[in-house]
Amino acid sequence: MSATQATILNPLAEAANEAIRKDCPVVFDLLSERGKRFFFPTQGILAQGAEAKQKAKVANATIGIAVERGEPAHLACVDRYFSGLTPGEIYDYAPSYGKPELRQAWARKQRQETPSLGGQLLSNPVVTNALTHGLSVVGELFLDPGDEVLSSDLLWENYNLAWETRLGAHISYFPFFDPDLTGYNLEAFTQALAQRTGRKLVVSLNFPNNPSGYTPTGAEALGIVAALTRAAEAGTRLVVVCDDAYYGMFFDPACEHESLFGRLAQAHPNLLAIKVDGGTKEAFVWGLRVGFVTFGIQNGTEACYKALEDKTAGVIRSVVSSCTQPGQSVLLKVLQDPEFRPQQDEKIAMLRSRAAVTGVECRRPEYADCWDVYPYNSGYFMCLRLKGADADLVRRRLLDEHGVGTIALGPTNLRVAFSCLTEEQVPGVFRAIAAAVRAVRGN
Ligand SMILES: Cc1ncc(COP(=O)(O)O)c(C=O)c1O
């Protein structure tokens, strides 16, 4: 059933669809039925309120907040927990699209970090309640029940909850690493794409990867982009989601330091690239909940991007209305702060040292019978492929007998967040894992 058969489309949705269809017809095809229905209510309360903010010089009786002495009214018992932000930066609603200055500042940062974008036109980033929400919104716009998502077999488990359990899509997997665990399995990825030629396909790319901690090398990254471009040339209609949650946490000069979004956003008119990123890990502000969704496609136009931004903001408006004002205000100030980069570099250096110590400890010859180490060069995590012991039994034994917490993923994989371990803790953790593997295995 098409969107038009299911419901009468709001004229604003029709206008957004028309703008997308005219300039980027494939993007229109890629939208889910919900995505086709969505629009931003520009005639609604928010829009009327925004207009009044500009023009209502005598009295503004529009938006549902309380005002006192020209500022959002607030309680002293709340206010005492904040310093350095004005009441407007804390208590007022943010727009459904996000704070305009923050969106601009984030767009500038994305371009600085992604020189391969060149002059490619992109949408403005739309603010989400961090990356989880961004991924959910992308799913709502592009996934109908039964639609297929292609992912590596090593992935963040919340994809299953957001896209399969909630939206009824179906995730298919290809092996992330080659059989010898030397690097990215470009062959399996290319084959998986070839098997789906001509279809609609959502592809998720997450580098640095959770759970493996792997970022493709420069050559592998080019191979991934080339494989996707060839698939698009062969007629596959692609949404490629670049989940850049751990962007910047690179510990090896060989890793590709640019988001693949830069090249994918200009690859082909059959390929819509979507960058999902945010402050969560990059600015070490997990609980602030600020993320972004940004669209790029070779033939993208301002009108098409505006329509996609409107649909995104419409979905946000319908579920959470708008995202955190104080979180956005803080992230904006952080991006403008000359101390941000040096302080971020310090924390990345701390993670790099932990990754290096972990690399030595986990590869000690005396553990060779206990696990293989999946390659890692970035991010927060590394992953072991256990030999002859069930991962969850090992995890439980580690907790009960050694007081060490890890994450079991499937029957063989154990994820270790070295980001949470001091260098001094690392050797003991791997000693404990080896002891637990041997105990579970009985030798
Ligand atoms: C790969 C990946 N994507 C997205 C997220 C979600 O991040 P956020 O906390 O910003 O929602 C995580 C968090 O663990 C993650 O590992």
# chains A, B, ... in the order shown; residues from 1 in each chain; ligands from 1
>>> closest_atom_pairs(of="region 79-170 of chain A", to="region 196-203 of chain A", cutoff="12 Å", atoms="only C-alpha atoms", output="tab-separated table")
residue	atom	partner	partner_atom	distance
A:Leu135	CA	A:Val202	CA	11.9
A:Val138	CA	A:Val202	CA	10.1
A:Gly139	CA	A:Val202	CA	9.2
A:Leu141	CA	A:Val202	CA	11.4
A:Phe142	CA	A:Val202	CA	8.0
A:Leu143	CA	A:Val202	CA	8.0
A:Asp144	CA	A:Val202	CA	10.9
A:Gly146	CA	A:Leu201	CA	11.2
A:Asp147	CA	A:Leu201	CA	7.6
A:Glu148	CA	A:Leu201	CA	6.0
A:Val149	CA	A:Val202	CA	4.7
A:Leu150	CA	A:Val203	CA	4.7
A:Ser151	CA	A:Val203	CA	6.2
A:Ser152	CA	A:Val203	CA	9.3
A:Tyr159	CA	A:Val203	CA	11.8
A:Trp163	CA	A:Val202	CA	10.8
A:Ala169	CA	A:Val202	CA	10.0
A:His170	CA	A:Val202	CA	10.1
>>> write_last_selection(atoms="C-alpha atoms", output="short mmCIF file (atom, residue, chain, number, x, y, z; two decimals), in the first residue's frame")
data_model
loop_
_atom_site.label_atom_id
_atom_site.label_comp_id
_atom_site.auth_asym_id
_atom_site.auth_seq_id
_atom_site.Cartn_x
_atom_site.Cartn_y
_atom_site.Cartn_z
CA LEU A 135 19.91 5.83 14.25
CA VAL A 138 17.09 7.19 10.22
CA GLY A 139 15.34 3.82 10.58
CA LEU A 141 12.59 7.47 7.64
CA PHE A 142 14.05 4.67 5.53
CA LEU A 143 12.97 1.27 6.88
CA ASP A 144 9.63 -0.40 6.26
CA GLY A 146 10.67 -6.46 5.93
CA ASP A 147 13.31 -4.09 4.50
CA GLU A 148 16.84 -5.44 4.56
CA VAL A 149 19.81 -3.90 6.32
CA LEU A 150 23.30 -5.18 5.55
CA SER A 151 25.70 -5.10 8.50
CA SER A 152 28.92 -6.74 9.54
CA TYR A 159 20.80 -1.89 15.98
CA TRP A 163 15.65 -1.50 13.48
CA ALA A 169 13.34 -4.52 9.35
CA HIS A 170 15.68 -7.47 8.87
#
>>> residues_around(residues="Asn270 (chain A)", least_positions_apart="6", cutoff="6 Å", atoms="only C-alpha atoms", output="list in words")
Val26, Ala232 and Arg237 of chain A
>>> closest_atom_pairs(of="region 258-365 of chain A", to="region 372-392 of chain A", cutoff="10 Å", atoms="only C-alpha atoms", output="CSV")
residue,atom,partner,partner_atom,distance
A:Lys281,CA,A:Gly379,CA,9.3
A:Ile348,CA,A:Gly379,CA,9.3
A:Leu351,CA,A:Tyr380,CA,7.5
A:Arg352,CA,A:Ser378,CA,8.0
A:Arg354,CA,A:Tyr380,CA,9.6
A:Ala355,CA,A:Asn377,CA,7.9
A:Ala356,CA,A:Asn377,CA,9.2
A:Thr358,CA,A:Met382,CA,8.6
A:Gly359,CA,A:Tyr376,CA,8.7
A:Cys362,CA,A:Val373,CA,7.4
A:Arg363,CA,A:Val373,CA,7.3
>>> residues_near_ligand(ligand="ligand 1", cutoff="6 Å", atoms="only C-alpha atoms and all ligand atoms", output="number ranges by chain")
A: 130-132, 156, 206, 210, 243, 245, 280, 286
>>> write_last_selection(atoms="C-alpha atoms", output="PDB file, in the first residue's frame")
ATOM      1  CA  ALA A 130      22.573  11.484  20.759  1.00  0.00           C
ATOM      2  CA  LEU A 131      23.405   8.766  18.258  1.00  0.00           C
ATOM      3  CA  THR A 132      20.913   6.139  19.394  1.00  0.00           C
ATOM      4  CA  TRP A 156      26.390  -2.777  18.343  1.00  0.00           C
ATOM      5  CA  ASN A 206      30.427   1.728  11.985  1.00  0.00           C
ATOM      6  CA  ASN A 210      31.825  -1.491  18.353  1.00  0.00           C
ATOM      7  CA  ASP A 243      27.807   5.554  12.443  1.00  0.00           C
ATOM      8  CA  ALA A 245      30.166   7.385  17.221  1.00  0.00           C
ATOM      9  CA  THR A 280      28.788  11.487  23.126  1.00  0.00           C
ATOM     10  CA  TRP A 286      27.946  10.417  27.226  1.00  0.00           C
TER      11      TRP A 286
END
>>> select_by_dssp(residues="region 310-388 of chain A", states="strand (DSSP E)", output="list in words")
Trp371, Asp372, Val373, Phe381, Met382, Cys383, Leu384, Arg385 and Leu386 of chain A
>>> write_last_selection(atoms="C-alpha atoms", output="CSV table (one decimal), in the first residue's frame")
chain,number,residue,atom,x,y,z
A,371,TRP,CA,41.8,-16.9,22.2
A,372,ASP,CA,42.4,-15.2,19.0
A,373,VAL,CA,42.5,-11.4,19.1
A,381,PHE,CA,37.0,-1.9,22.7
A,382,MET,CA,38.8,-4.9,21.7
A,383,CYS,CA,37.3,-8.4,21.2
A,384,LEU,CA,38.6,-11.9,21.8
A,385,ARG,CA,37.5,-15.0,19.9
A,386,LEU,CA,37.6,-17.6,22.7
>>> atom_distance(atom1="CA of Leu102 (chain A)", atom2="CA of Ala47 (chain A)")
19.4 Å
>>> atom_distance(atom1="CA of Gly88 (chain A)", atom2="CA of Val137 (chain A)")
27.0 Å
>>> select_by_dssp(residues="region 214-278 of chain A", states="alpha helix (DSSP H)", output="ChimeraX atom specification")
/A:218-233,261-264
>>> write_last_selection(atoms="C-alpha atoms", output="mmCIF file, in the first residue's frame")
data_model
loop_
_atom_site.group_PDB
_atom_site.id
_atom_site.type_symbol
_atom_site.label_atom_id
_atom_site.label_comp_id
_atom_site.auth_asym_id
_atom_site.auth_seq_id
_atom_site.Cartn_x
_atom_site.Cartn_y
_atom_site.Cartn_z
ATOM 1 C CA GLY A 218 43.186 3.805 4.034
ATOM 2 C CA ALA A 219 43.272 1.124 1.306
ATOM 3 C CA GLU A 220 40.387 -0.823 2.853
ATOM 4 C CA ALA A 221 38.348 2.367 3.170
ATOM 5 C CA LEU A 222 38.839 3.093 -0.524
ATOM 6 C CA GLY A 223 37.812 -0.496 -1.259
ATOM 7 C CA ILE A 224 34.597 -0.120 0.761
ATOM 8 C CA VAL A 225 33.709 3.119 -1.037
ATOM 9 C CA ALA A 226 34.521 1.558 -4.421
ATOM 10 C CA ALA A 227 32.378 -1.512 -3.667
ATOM 11 C CA LEU A 228 29.417 0.652 -2.690
ATOM 12 C CA THR A 229 29.885 2.904 -5.708
ATOM 13 C CA ARG A 230 29.969 -0.112 -8.032
ATOM 14 C CA ALA A 231 26.790 -1.448 -6.404
ATOM 15 C CA ALA A 232 25.101 1.930 -6.941
ATOM 16 C CA GLU A 233 26.296 1.995 -10.569
ATOM 17 C CA PHE A 261 30.807 9.755 4.647
ATOM 18 C CA GLY A 262 33.081 12.246 2.862
ATOM 19 C CA ARG A 263 33.496 10.066 -0.209
ATOM 20 C CA LEU A 264 30.120 8.337 -0.041
#
>>> closest_residue(among="A:Ser259, A:Gln191, A:Ser96, A:Asn129", to="Arg317 (chain A)", atoms="only C-alpha atoms")
A:Ser96
>>> decode(residues="region 238-269 of chain A", atoms="N, CA and C atoms", output="JSON list (two decimals), in the first residue's frame")
[["chain", "number", "residue", "atom", "x", "y", "z"],
["A", 238, "LEU", "N", 20.83, 2.64, -2.54],
["A", 238, "LEU", "CA", 21.48, 2.45, -1.23],
["A", 238, "LEU", "C", 21.27, 3.62, -0.28],
["A", 239, "VAL", "N", 20.96, 3.28, 0.95],
["A", 239, "VAL", "CA", 21.13, 4.22, 2.06],
["A", 239, "VAL", "C", 22.34, 3.70, 2.83],
["A", 240, "VAL", "N", 23.40, 4.48, 2.92],
["A", 240, "VAL", "CA", 24.58, 4.02, 3.67],
["A", 240, "VAL", "C", 24.71, 4.88, 4.92],
["A", 241, "VAL", "N", 24.55, 4.22, 6.07],
["A", 241, "VAL", "CA", 24.58, 4.92, 7.34],
["A", 241, "VAL", "C", 25.99, 4.82, 7.91],
["A", 242, "CYS", "N", 26.65, 5.96, 8.08],
["A", 242, "CYS", "CA", 27.99, 5.98, 8.68],
["A", 242, "CYS", "C", 27.82, 6.34, 10.15],
["A", 243, "ASP", "N", 27.90, 5.33, 11.00],
["A", 243, "ASP", "CA", 27.81, 5.55, 12.44],
["A", 243, "ASP", "C", 29.22, 5.89, 12.93],
["A", 244, "ASP", "N", 29.45, 7.18, 13.11],
["A", 244, "ASP", "CA", 30.79, 7.66, 13.47],
["A", 244, "ASP", "C", 30.90, 7.96, 14.97],
["A", 245, "ALA", "N", 30.22, 7.13, 15.77],
["A", 245, "ALA", "CA", 30.17, 7.38, 17.22],
["A", 245, "ALA", "C", 31.56, 7.61, 17.81],
["A", 246, "TYR", "N", 32.53, 6.80, 17.38],
["A", 246, "TYR", "CA", 33.86, 6.84, 18.02],
["A", 246, "TYR", "C", 34.86, 7.60, 17.17],
["A", 247, "TYR", "N", 34.34, 8.50, 16.32],
["A", 247, "TYR", "CA", 35.22, 9.22, 15.41],
["A", 247, "TYR", "C", 36.37, 9.91, 16.18],
["A", 248, "GLY", "N", 37.57, 9.78, 15.65],
["A", 248, "GLY", "CA", 38.72, 10.49, 16.24],
["A", 248, "GLY", "C", 39.53, 9.65, 17.20],
["A", 249, "MET", "N", 38.97, 8.52, 17.65],
["A", 249, "MET", "CA", 39.71, 7.67, 18.61],
["A", 249, "MET", "C", 40.58, 6.71, 17.82],
["A", 250, "PHE", "N", 41.56, 7.24, 17.10],
["A", 250, "PHE", "CA", 42.42, 6.41, 16.23],
["A", 250, "PHE", "C", 43.77, 6.22, 16.91],
["A", 251, "PHE", "N", 44.26, 4.97, 16.94],
["A", 251, "PHE", "CA", 45.50, 4.69, 17.66],
["A", 251, "PHE", "C", 46.61, 4.18, 16.75],
["A", 252, "ASP", "N", 46.35, 4.17, 15.46],
["A", 252, "ASP", "CA", 47.33, 3.62, 14.52],
["A", 252, "ASP", "C", 47.31, 4.52, 13.29],
["A", 253, "PRO", "N", 48.47, 5.00, 12.85],
["A", 253, "PRO", "CA", 48.48, 5.89, 11.68],
["A", 253, "PRO", "C", 47.91, 5.21, 10.44],
["A", 254, "ALA", "N", 47.88, 3.87, 10.45],
["A", 254, "ALA", "CA", 47.36, 3.17, 9.26],
["A", 254, "ALA", "C", 45.84, 3.27, 9.13],
["A", 255, "CYS", "N", 45.13, 3.59, 10.24],
["A", 255, "CYS", "CA", 43.66, 3.67, 10.13],
["A", 255, "CYS", "C", 43.29, 4.85, 9.25],
["A", 256, "GLU", "N", 42.20, 4.69, 8.52],
["A", 256, "GLU", "CA", 41.63, 5.82, 7.78],
["A", 256, "GLU", "C", 41.12, 6.84, 8.80],
["A", 257, "HIS", "N", 41.64, 8.06, 8.71],
["A", 257, "HIS", "CA", 41.27, 9.07, 9.70],
["A", 257, "HIS", "C", 40.07, 9.92, 9.28],
["A", 258, "GLU", "N", 39.54, 9.68, 8.09],
["A", 258, "GLU", "CA", 38.37, 10.46, 7.65],
["A", 258, "GLU", "C", 37.14, 9.56, 7.68],
["A", 259, "SER", "N", 36.00, 10.16, 7.99],
["A", 259, "SER", "CA", 34.77, 9.39, 7.89],
["A", 259, "SER", "C", 34.54, 9.00, 6.43],
["A", 260, "LEU", "N", 34.06, 7.79, 6.22],
["A", 260, "LEU", "CA", 33.75, 7.37, 4.84],
["A", 260, "LEU", "C", 32.61, 8.19, 4.24],
["A", 261, "PHE", "N", 31.90, 8.88, 5.11],
["A", 261, "PHE", "CA", 30.81, 9.76, 4.65],
["A", 261, "PHE", "C", 31.31, 10.75, 3.60],
["A", 262, "GLY", "N", 32.55, 11.23, 3.77],
["A", 262, "GLY", "CA", 33.08, 12.25, 2.86],
["A", 262, "GLY", "C", 33.04, 11.79, 1.41],
["A", 263, "ARG", "N", 33.47, 10.55, 1.17],
["A", 263, "ARG", "CA", 33.50, 10.07, -0.21],
["A", 263, "ARG", "C", 32.12, 9.54, -0.64],
["A", 264, "LEU", "N", 31.42, 8.93, 0.32],
["A", 264, "LEU", "CA", 30.12, 8.34, -0.04],
["A", 264, "LEU", "C", 29.09, 9.41, -0.39],
["A", 265, "ALA", "N", 29.21, 10.57, 0.24],
["A", 265, "ALA", "CA", 28.23, 11.64, 0.02],
["A", 265, "ALA", "C", 28.28, 12.18, -1.41],
["A", 266, "GLN", "N", 29.32, 11.81, -2.16],
["A", 266, "GLN", "CA", 29.40, 12.31, -3.54],
["A", 266, "GLN", "C", 29.60, 11.15, -4.53],
["A", 267, "ALA", "N", 29.27, 9.94, -4.06],
["A", 267, "ALA", "CA", 29.62, 8.76, -4.87],
["A", 267, "ALA", "C", 28.72, 8.56, -6.08],
["A", 268, "HIS", "N", 27.39, 8.66, -5.87],
["A", 268, "HIS", "CA", 26.47, 8.28, -6.97],
["A", 268, "HIS", "C", 25.04, 8.72, -6.62],
["A", 269, "PRO", "N", 24.25, 9.07, -7.62],
["A", 269, "PRO", "CA", 22.85, 9.46, -7.32],
["A", 269, "PRO", "C", 22.00, 8.31, -6.75]]
